[in-house]
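File shown: model-v8.cif (mmCIF, C-alpha atoms; chains and numbers go by the auth columns).
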```cif
data_entry
#
loop_
_atom_site.group_PDB
_atom_site.id
_atom_site.type_symbol
_atom_site.label_atom_id
_atom_site.label_comp_id
_atom_site.label_asym_id
_atom_site.label_seq_id
_atom_site.Cartn_x
_atom_site.Cartn_y
_atom_site.Cartn_z
_atom_site.B_iso_or_equiv
_atom_site.auth_seq_id
_atom_site.auth_asym_id
ATOM 1 C CA MET A 1 0.555 -26.636 -11.594 0.00 840 L
ATOM 2 C CA LYS A 2 1.353 -22.945 -11.023 0.00 841 L
ATOM 3 C CA LEU A 3 -0.346 -21.415 -8.002 0.00 842 L
ATOM 4 C CA LEU A 4 -0.025 -18.380 -5.762 0.00 843 L
ATOM 5 C CA VAL A 5 1.570 -18.902 -2.354 0.00 844 L
ATOM 6 C CA ALA A 6 2.381 -16.544 0.498 0.00 845 L
ATOM 7 C CA THR A 7 5.885 -15.146 0.631 0.00 846 L
ATOM 8 C CA SER A 8 7.777 -12.669 2.754 0.00 847 L
ATOM 9 C CA LYS A 9 10.083 -11.872 -0.183 0.00 848 L
ATOM 10 C CA THR A 10 10.082 -8.144 -0.944 0.00 849 L
ATOM 11 C CA GLN A 11 8.008 -7.361 2.161 0.00 850 L
ATOM 12 C CA GLY A 12 8.693 -3.798 3.220 0.00 851 L
ATOM 13 C CA ALA A 13 9.160 -2.459 -0.291 0.00 852 L
ATOM 14 C CA ARG A 14 5.964 -0.490 0.296 0.00 853 L
ATOM 15 C CA GLU A 15 5.420 1.344 3.550 0.00 854 L
ATOM 16 C CA ASN A 16 2.025 -0.311 4.090 0.00 855 L
ATOM 17 C CA ASP A 17 3.102 -3.915 3.382 0.00 856 L
ATOM 18 C CA PHE A 18 1.970 -6.671 5.701 0.00 857 L
ATOM 19 C CA THR A 19 2.105 -10.426 5.883 0.00 858 L
ATOM 20 C CA HIS A 20 -0.113 -12.358 8.277 0.00 859 L
ATOM 21 C CA CYS A 21 -0.104 -15.597 6.282 0.00 860 L
ATOM 22 C CA ILE A 22 1.947 -18.736 6.707 0.00 861 L
ATOM 23 C CA GLU A 23 4.999 -18.789 4.404 0.00 862 L
ATOM 24 C CA GLY A 24 4.111 -21.009 1.402 0.00 863 L
ATOM 25 C CA GLU A 25 0.391 -21.034 2.180 0.00 864 L
ATOM 26 C CA LEU A 26 -1.972 -21.232 -0.800 0.00 865 L
ATOM 27 C CA LEU A 27 -3.552 -17.876 -1.646 0.00 866 L
ATOM 28 C CA TRP A 28 -6.591 -16.590 -3.467 0.00 867 L
ATOM 29 C CA ILE A 29 -7.661 -13.135 -4.595 0.00 868 L
ATOM 30 C CA ALA A 30 -10.640 -12.251 -2.443 0.00 869 L
ATOM 31 C CA PRO A 31 -13.128 -9.537 -3.410 0.00 870 L
ATOM 32 C CA CYS A 32 -12.642 -6.119 -1.830 0.00 871 L
ATOM 33 C CA CYS A 33 -14.853 -4.412 0.734 0.00 872 L
ATOM 34 C CA ASP A 34 -16.316 -0.942 0.086 0.00 873 L
ATOM 35 C CA ASP A 35 -13.321 0.817 1.690 0.00 874 L
ATOM 36 C CA GLY A 36 -10.923 -1.263 -0.392 0.00 875 L
ATOM 37 C CA GLU A 37 -12.841 -0.418 -3.561 0.00 876 L
ATOM 38 C CA GLU A 38 -12.222 3.272 -2.868 0.00 877 L
ATOM 39 C CA SER A 39 -8.481 2.968 -2.316 0.00 878 L
ATOM 40 C CA PRO A 40 -5.871 0.196 -2.279 0.00 879 L
ATOM 41 C CA ASP A 41 -4.289 2.099 0.599 0.00 880 L
ATOM 42 C CA SER A 42 -7.393 1.851 2.786 0.00 881 L
ATOM 43 C CA GLU A 43 -6.866 0.793 6.377 0.00 882 L
ATOM 44 C CA CYS A 44 -8.327 -2.706 5.889 0.00 883 L
ATOM 45 C CA GLY A 45 -5.784 -3.545 3.166 0.00 884 L
ATOM 46 C CA CYS A 46 -8.081 -5.936 1.287 0.00 885 L
ATOM 47 C CA SER A 47 -7.516 -4.339 -2.119 0.00 886 L
ATOM 48 C CA ARG A 48 -3.743 -4.622 -1.890 0.00 887 L
ATOM 49 C CA SER A 49 -3.571 -8.135 -0.476 0.00 888 L
ATOM 50 C CA PHE A 50 -3.949 -11.805 -1.271 0.00 889 L
ATOM 51 C CA ALA A 51 -5.808 -14.051 1.180 0.00 890 L
ATOM 52 C CA GLY A 52 -4.520 -17.263 2.756 0.00 891 L
ATOM 53 C CA LEU A 53 -6.618 -20.391 2.330 0.00 892 L
ATOM 54 C CA ASN A 54 -5.549 -21.814 5.671 0.00 893 L
ATOM 55 C CA SER A 55 -4.870 -18.826 7.944 0.00 894 L
ATOM 56 C CA HIS A 56 -7.670 -16.697 6.430 0.00 895 L
ATOM 57 C CA HIS A 57 -5.333 -13.722 6.769 0.00 896 L
ATOM 58 C CA GLY A 58 -3.751 -11.447 4.190 0.00 897 L
ATOM 59 C CA THR A 59 -0.388 -10.673 2.675 0.00 898 L
ATOM 60 C CA THR A 60 0.671 -7.978 0.233 0.00 899 L
ATOM 61 C CA THR A 61 3.069 -10.310 -1.587 0.00 900 L
ATOM 62 C CA ALA A 62 2.366 -13.515 -3.477 0.00 901 L
ATOM 63 C CA LEU A 63 4.853 -15.875 -5.083 0.00 902 L
ATOM 64 C CA VAL A 64 4.046 -17.765 -8.269 0.00 903 L
ATOM 65 C CA ALA A 65 5.081 -21.321 -7.407 0.00 904 L
ATOM 66 C CA GLU A 66 5.055 -24.661 -9.194 0.00 905 L
ATOM 67 C CA LEU A 67 3.474 -27.343 -7.021 0.00 906 L
ATOM 68 C CA PRO A 68 4.218 -30.695 -8.671 0.00 907 L
ATOM 69 C CA GLY A 69 1.759 -33.462 -7.868 0.00 908 L
ATOM 70 C CA PHE A 70 -0.903 -31.019 -6.707 0.00 909 L
ATOM 71 C CA THR A 71 -4.014 -31.683 -8.795 0.00 910 L
ATOM 72 C CA PHE A 72 -6.948 -29.551 -9.863 0.00 911 L
ATOM 73 C CA SER A 73 -9.095 -31.683 -7.559 0.00 912 L
ATOM 74 C CA ASP A 74 -6.721 -30.970 -4.638 0.00 913 L
ATOM 75 C CA TYR A 75 -6.872 -27.272 -5.423 0.00 914 L
ATOM 76 C CA THR A 76 -10.649 -27.058 -5.690 0.00 915 L
ATOM 77 C CA GLU A 77 -11.050 -28.980 -2.442 0.00 916 L
ATOM 78 C CA ALA A 78 -8.664 -26.607 -0.644 0.00 917 L
ATOM 79 C CA LEU A 79 -10.589 -23.643 -2.052 0.00 918 L
ATOM 80 C CA ARG A 80 -13.979 -25.192 -1.300 0.00 919 L
ATOM 81 C CA SER A 81 -13.043 -25.821 2.329 0.00 920 L
ATOM 82 C CA SER A 82 -11.549 -22.369 2.802 0.00 921 L
ATOM 83 C CA LEU A 83 -14.421 -20.544 1.123 0.00 922 L
ATOM 84 C CA ALA A 84 -16.991 -22.414 3.226 0.00 923 L
ATOM 85 C CA THR A 85 -15.110 -21.727 6.463 0.00 924 L
ATOM 86 C CA GLN A 86 -14.918 -18.009 5.635 0.00 925 L
ATOM 87 C CA GLY A 87 -18.597 -17.713 4.691 0.00 926 L
ATOM 88 C CA TRP A 88 -18.083 -17.462 0.917 0.00 927 L
ATOM 89 C CA PRO A 89 -20.117 -19.734 -1.389 0.00 928 L
ATOM 90 C CA ALA A 90 -18.248 -23.055 -1.502 0.00 929 L
ATOM 91 C CA GLU A 91 -19.877 -23.944 -4.827 0.00 930 L
ATOM 92 C CA ALA A 92 -17.752 -21.198 -6.427 0.00 931 L
ATOM 93 C CA ALA A 93 -14.547 -23.207 -5.797 0.00 932 L
ATOM 94 C CA ASP A 94 -14.264 -24.668 -9.320 0.00 933 L
ATOM 95 C CA GLU A 95 -14.756 -21.284 -10.972 0.00 934 L
ATOM 96 C CA VAL A 96 -12.364 -19.556 -8.556 0.00 935 L
ATOM 97 C CA ALA A 97 -9.751 -22.291 -9.137 0.00 936 L
ATOM 98 C CA GLN A 98 -10.003 -21.952 -12.919 0.00 937 L
ATOM 99 C CA GLY A 99 -9.613 -18.177 -12.687 0.00 938 L
ATOM 100 C CA LEU A 100 -6.625 -18.377 -10.350 0.00 939 L
ATOM 101 C CA LEU A 101 -4.913 -21.012 -12.501 0.00 940 L
ATOM 102 C CA ALA A 102 -5.410 -18.872 -15.604 0.00 941 L
ATOM 103 C CA PHE A 103 -4.056 -15.856 -13.712 0.00 942 L
ATOM 104 C CA ALA A 104 -0.965 -17.719 -12.415 0.00 943 L
ATOM 105 C CA ALA A 105 -0.278 -19.182 -15.880 0.00 944 L
ATOM 106 C CA GLY A 106 0.544 -15.689 -17.141 0.00 945 L
ATOM 107 C CA TRP A 107 3.506 -15.280 -14.772 0.00 946 L
ATOM 108 C CA GLU A 108 6.895 -16.973 -14.506 0.00 947 L
ATOM 109 C CA VAL A 109 7.541 -19.320 -11.566 0.00 948 L
ATOM 110 C CA GLY A 110 9.426 -17.376 -8.894 0.00 949 L
ATOM 111 C CA THR A 111 7.742 -14.048 -9.667 0.00 950 L
ATOM 112 C CA VAL A 112 6.664 -12.060 -6.621 0.00 951 L
ATOM 113 C CA LEU A 113 3.424 -10.182 -7.221 0.00 952 L
ATOM 114 C CA GLU A 114 1.744 -7.208 -5.632 0.00 953 L
ATOM 115 C CA ARG A 115 -1.845 -6.049 -5.952 0.00 954 L
ATOM 116 C CA ARG A 116 -3.405 -2.619 -6.215 0.00 955 L
ATOM 117 C CA SER A 117 -7.174 -3.282 -6.496 0.00 956 L
ATOM 118 C CA GLU A 118 -7.638 -4.970 -9.881 0.00 957 L
ATOM 119 C CA TRP A 119 -4.086 -4.167 -11.029 0.00 958 L
ATOM 120 C CA PHE A 120 -1.351 -6.767 -10.465 0.00 959 L
ATOM 121 C CA ALA A 121 2.356 -6.390 -11.139 0.00 960 L
ATOM 122 C CA GLU A 122 5.674 -8.017 -10.513 0.00 961 L
ATOM 123 C CA ARG A 123 7.171 -6.683 -7.295 0.00 962 L
ATOM 124 C CA LEU A 124 10.565 -5.362 -8.266 0.00 963 L
ATOM 125 C CA VAL A 125 12.926 -4.301 -5.530 0.00 964 L
ATOM 126 C CA PRO A 126 16.116 -2.585 -6.610 0.00 965 L
ATOM 127 C CA THR A 127 19.331 -4.239 -5.544 0.00 966 L
ATOM 128 C CA PRO A 128 21.378 -1.963 -3.280 0.00 967 L
ATOM 129 C CA PRO A 129 24.600 -0.724 -4.858 0.00 968 L
ATOM 130 C CA GLY A 130 27.480 -2.826 -3.840 0.00 969 L
#
```
Rewritten as structure tokens:
Amino acid sequence: MKLLVATSKTQGARENDFTHCIEGELLWIAPCCDDGEESPDSECGCSRSFAGLNSHHGTTTALVAELPGFTFSDYTEALRSSLATQGWPAEAADEVAQGLLAFAAGWEVGTVLERRSEWFAERLVPTPPG
């Protein structure tokens, strides 16, 4: 099963990058606040970040990872618990899981992603000349 997990890979490629998640932590794409809707470079950072299911913090980089043995039931339970703890409707977990799985399916394992509001792209960092 392909999922999004927190990664520090490519952190710093953008001046306003941040990572407050646990490396390898499961992520989801949380809705943006009003400031985030106006600009992905807003101070809160919600529209340029992915949210950690365990830490409840954000990161501007997500890694598409294959998690063998992790089931849809495991995933929905992790989402359900996290959503409930953060005050989001826990009953949305199945729908959120399906959307995130469909999203992750479109990317190769090992791809680092960045977010700019509703736009997502592979985070490419040029290799220094050597």
Test item: residues at most 10 Å from stretch 918-931 of chain L, only C-alpha atoms, excluding those fewer than 2 positions along its chain, as a VMD selection string: chain L and resid 865 to 867 869 891 to 895 912 to 916 933 to 936
For the atom pair atom CA of L:Pro879 and atom CA of L:Ser847, what is the interatomic distance in Å to one decimal place? 19.4 Å
Work out how far atom CA of L:Phe911 is from atom CA of L:Thr898, in Å to one decimal.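 Interatomic distance, atom CA of L:Thr898 to atom CA of L:Phe911: 23.6 Å.
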Using only C-alpha atoms, which protein or nucleic acid residues come within 10 Å of L:Met840? Drop anything in the same chain fewer than 4 positions from it, and give the result as a PyMOL selection string. chain L and resi 904-911+914+940+943-944
Applying 8 Å and all atoms listed in the file, which residues near stretch 950-961 of chain L remain after dropping the ones on its own chain fewer than 6 positions away? List them as a PyMOL selection string. chain L and resi 846+848-849+871+875-876+878-879+886-889+899-903
Just how far from atom CA of L:Cys860 is atom CA of L:Ala917, in Å to one decimal? 15.6 Å
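Using the PyMOL selection byres ((chain L and resi 864) around 6) on this structure selects Val844, Ala845, Ile861, Glu862, Gly863 and Leu865 of chain L.
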Which of L:His896, L:Glu947, L:Ile868, L:Asp856 sits closest to L:Ser881 [using only C-alpha atoms]: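 Using only C-alpha atoms, L:Ser881 sits closest to L:Asp856.
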Please return the centre and edge lengths, in Å to one decimal, of a box with edges along x, y and z that contains all listed atoms of stretch 920-939 of chain L, widened by 4 Å on every side, as lines of an AutoDock Vina configuration file.
```
center_x = -13.4
center_y = -21.6
center_z = -3.2
size_x = 21.5
size_y = 16.4
size_z = 27.4
```
Report the residues retrieved by the PyMOL selection byres ((chain L and resi 855) around 9) from the displayed file, expressed as an MDAnalysis selection string. chainID L and resid 851:854 856:857 880 884 899
Please output stretch 937-966 of chain L, rebuilt to include N, CA and C atoms, as an mmCIF file, keeping the file's coordinate frame.
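Generated file (selection.cif):
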```cif
data_model
loop_
_atom_site.group_PDB
_atom_site.id
_atom_site.type_symbol
_atom_site.label_atom_id
_atom_site.label_comp_id
_atom_site.auth_asym_id
_atom_site.auth_seq_id
_atom_site.Cartn_x
_atom_site.Cartn_y
_atom_site.Cartn_z
ATOM 1 N N GLN L 937 -10.305 -22.157 -11.501
ATOM 2 C CA GLN L 937 -10.003 -21.952 -12.919
ATOM 3 C C GLN L 937 -9.468 -20.547 -13.162
ATOM 4 N N GLY L 938 -10.073 -19.554 -12.531
ATOM 5 C CA GLY L 938 -9.613 -18.177 -12.687
ATOM 6 C C GLY L 938 -8.216 -17.962 -12.134
ATOM 7 N N LEU L 939 -7.945 -18.529 -10.957
ATOM 8 C CA LEU L 939 -6.625 -18.377 -10.350
ATOM 9 C C LEU L 939 -5.551 -19.105 -11.145
ATOM 10 N N LEU L 940 -5.880 -20.280 -11.677
ATOM 11 C CA LEU L 940 -4.913 -21.012 -12.501
ATOM 12 C C LEU L 940 -4.599 -20.249 -13.777
ATOM 13 N N ALA L 941 -5.621 -19.676 -14.390
ATOM 14 C CA ALA L 941 -5.410 -18.872 -15.604
ATOM 15 C C ALA L 941 -4.562 -17.644 -15.271
ATOM 16 N N PHE L 942 -4.828 -17.025 -14.132
ATOM 17 C CA PHE L 942 -4.056 -15.856 -13.712
ATOM 18 C C PHE L 942 -2.589 -16.239 -13.496
ATOM 19 N N ALA L 943 -2.340 -17.296 -12.729
ATOM 20 C CA ALA L 943 -0.965 -17.719 -12.415
ATOM 21 C C ALA L 943 -0.212 -18.156 -13.664
ATOM 22 N N ALA L 944 -0.925 -18.703 -14.651
ATOM 23 C CA ALA L 944 -0.278 -19.182 -15.880
ATOM 24 C C ALA L 944 0.411 -18.052 -16.638
ATOM 25 N N GLY L 945 -0.028 -16.829 -16.436
ATOM 26 C CA GLY L 945 0.544 -15.689 -17.141
ATOM 27 C C GLY L 945 1.829 -15.151 -16.538
ATOM 28 N N TRP L 946 2.311 -15.760 -15.453
ATOM 29 C CA TRP L 946 3.506 -15.280 -14.772
ATOM 30 C C TRP L 946 4.541 -16.390 -14.699
ATOM 31 N N GLU L 947 5.801 -16.014 -14.648
ATOM 32 C CA GLU L 947 6.895 -16.973 -14.506
ATOM 33 C C GLU L 947 6.960 -17.484 -13.065
ATOM 34 N N VAL L 948 7.316 -18.769 -12.899
ATOM 35 C CA VAL L 948 7.541 -19.320 -11.566
ATOM 36 C C VAL L 948 8.647 -18.507 -10.898
ATOM 37 N N GLY L 949 8.452 -18.170 -9.639
ATOM 38 C CA GLY L 949 9.426 -17.376 -8.894
ATOM 39 C C GLY L 949 9.117 -15.894 -8.867
ATOM 40 N N THR L 950 8.130 -15.454 -9.634
ATOM 41 C CA THR L 950 7.742 -14.048 -9.667
ATOM 42 C C THR L 950 6.999 -13.689 -8.384
ATOM 43 N N VAL L 951 7.389 -12.586 -7.770
ATOM 44 C CA VAL L 951 6.664 -12.060 -6.621
ATOM 45 C C VAL L 951 5.718 -10.989 -7.145
ATOM 46 N N LEU L 952 4.453 -11.101 -6.742
ATOM 47 C CA LEU L 952 3.424 -10.182 -7.221
ATOM 48 C C LEU L 952 2.921 -9.280 -6.107
ATOM 49 N N GLU L 953 2.464 -8.102 -6.522
ATOM 50 C CA GLU L 953 1.744 -7.208 -5.632
ATOM 51 C C GLU L 953 0.432 -6.842 -6.294
ATOM 52 N N ARG L 954 -0.492 -6.363 -5.481
ATOM 53 C CA ARG L 954 -1.845 -6.049 -5.952
ATOM 54 C C ARG L 954 -2.194 -4.621 -5.556
ATOM 55 N N ARG L 955 -2.845 -3.945 -6.480
ATOM 56 C CA ARG L 955 -3.405 -2.619 -6.215
ATOM 57 C C ARG L 955 -4.805 -2.644 -6.818
ATOM 58 N N SER L 956 -5.790 -3.074 -6.051
ATOM 59 C CA SER L 956 -7.174 -3.282 -6.496
ATOM 60 C C SER L 956 -7.194 -4.354 -7.581
ATOM 61 N N GLU L 957 -7.570 -3.987 -8.786
ATOM 62 C CA GLU L 957 -7.638 -4.970 -9.881
ATOM 63 C C GLU L 957 -6.370 -4.977 -10.736
ATOM 64 N N TRP L 958 -5.358 -4.255 -10.314
ATOM 65 C CA TRP L 958 -4.086 -4.167 -11.029
ATOM 66 C C TRP L 958 -3.069 -5.027 -10.292
ATOM 67 N N PHE L 959 -2.361 -5.877 -11.029
ATOM 68 C CA PHE L 959 -1.351 -6.767 -10.465
ATOM 69 C C PHE L 959 -0.045 -6.548 -11.223
ATOM 70 N N ALA L 960 1.066 -6.606 -10.493
ATOM 71 C CA ALA L 960 2.356 -6.390 -11.139
ATOM 72 C C ALA L 960 3.433 -7.170 -10.403
ATOM 73 N N GLU L 961 4.519 -7.412 -11.139
ATOM 74 C CA GLU L 961 5.674 -8.017 -10.513
ATOM 75 C C GLU L 961 6.249 -7.027 -9.516
ATOM 76 N N ARG L 962 6.574 -7.526 -8.341
ATOM 77 C CA ARG L 962 7.171 -6.683 -7.295
ATOM 78 C C ARG L 962 8.665 -6.651 -7.533
ATOM 79 N N LEU L 963 9.140 -5.537 -8.005
ATOM 80 C CA LEU L 963 10.565 -5.362 -8.266
ATOM 81 C C LEU L 963 11.166 -4.524 -7.160
ATOM 82 N N VAL L 964 12.225 -5.029 -6.576
ATOM 83 C CA VAL L 964 12.926 -4.301 -5.530
ATOM 84 C C VAL L 964 14.343 -4.093 -6.017
ATOM 85 N N PRO L 965 14.758 -2.840 -6.118
ATOM 86 C CA PRO L 965 16.116 -2.585 -6.610
ATOM 87 C C PRO L 965 17.164 -3.208 -5.697
ATOM 88 N N THR L 966 18.209 -3.696 -6.298
ATOM 89 C CA THR L 966 19.331 -4.239 -5.544
ATOM 90 C C THR L 966 20.182 -3.066 -5.062
#
```
